[in-house]
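Engineer: Let me begin by handing over the structure; questions about it come next.
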Amino acid sequence: MTADMAAGYFTITSTGRQPDKLTGVTSDIADMVTMDRTTAQDEMELVTAFTIPAGGSLTLRTGGNRLMLMGLKKKPMAGETATFHLRFVESGSITAKVPTEPMTYQPSNWWPMTICSRAESLPSTDPGP
């Protein structure tokens, strides 16, 4: 990755009775956000949607499913907030505001909306200890 790219890691939990699909993401900090997964050959493969099971969750993380933020408009700094617009088939659009943490930040658990950037920052909603 380069300084103008970041990876997004977070968990989406569904309280619905039907599965849903995340079909797109935009952000105020990037020109483009793509969805991809890591294959068994440790390669990145673009996907058009991520499925969230009814009453279940989808975790985006290193070595699995994730978001790639490309064309960063500015380097996110610890303490700043990034806005993400998530589009779902059943749930419609959801907006999330995500505070940033340093790249060295290690969450105790996968909290909702954790974003990791090789540009030396990591937004997260981990409330901490």
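Chains: A, B, ... in order of the structure tokens. Residues: from 1 per chain. Ligands: from 1, in order shown.
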Could you pull the residues within 9 Å of range 50-54 of chain A, counting only C-alpha atoms, minus those fewer than 3 positions along the same chain, as a PyMOL selection string?
Structural biologist: chain A and resi 12-23+35-36+47+57-58+65
Engineer: For Ala30 in chain A, find every residue with an atom within 12 Å (counting only C-alpha atoms), except residues of its own chain fewer than 3 positions away, and show them as a list of chain:residue names.
Structural biologist: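 Result of the neighbour search: A:Ala3, A:Asp4, A:Met5, A:Ala6, A:Ala7, A:Gly8, A:Val25, A:Thr26, A:Ser27, A:Val33, A:Thr34, A:Leu67, A:Met68, A:Leu69, A:Met70, A:Gly71, A:Leu72, A:Lys73, A:Lys74, A:Lys75, A:Pro76, A:Ala82, A:Thr83, A:Phe84, A:His85, A:Ser117.
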Engineer: Which parts of range 4-118 of chain A does DSSP call strand (DSSP E or B) when run on the backbone here, written out as JSON, numbers by chain?
Structural biologist: {"A": [5, 6, 7, 8, 9, 10, 11, 12, 13, 20, 21, 22, 23, 24, 25, 26, 27, 30, 31, 32, 33, 34, 35, 36, 37, 38, 44, 45, 46, 50, 51, 52, 57, 58, 59, 60, 65, 66, 67, 68, 69, 70, 71, 72, 81, 82, 83, 84, 85, 86, 87, 88, 92, 93, 94, 95, 96, 97, 98, 99, 100, 101, 102, 114, 115, 116, 117]}
Engineer: For a quick check of understanding, using only C-alpha atoms, which of A:Thr81, A:Gly64, A:Pro99, A:Ser93 has the smallest distance to Asp28 in chain A?
Structural biologist: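 Comparing A:Thr81, A:Gly64, A:Pro99, A:Ser93 against Asp28 in chain A, the winner is A:Thr81.
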Engineer: Suppose you want the space between CA of Met44 in chain A and CA of Thr11 in chain A; what is it in Å?
Structural biologist: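 Those two atoms sit 19.3 Å apart.
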Engineer: Of the candidates A:Arg61, A:Glu45, A:Gly24, A:Ile29, which shows the shortest atom-to-atom distance to Val98 in chain A, using only C-alpha atoms?
Structural biologist: A:Ile29
Engineer: Rounded to one decimal place, report the CA of Thr62 in chain A-CA of Phe10 in chain A distance in Å.
Structural biologist: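 Straight-line distance from CA of Thr62 in chain A to CA of Phe10 in chain A works out to 10.1 Å.
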Engineer: I'd like the interatomic distance between CA of Glu90 in chain A and CA of Leu60 in chain A, to a tenth of an Å.
Structural biologist: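 A separation of 19.5 Å between them.
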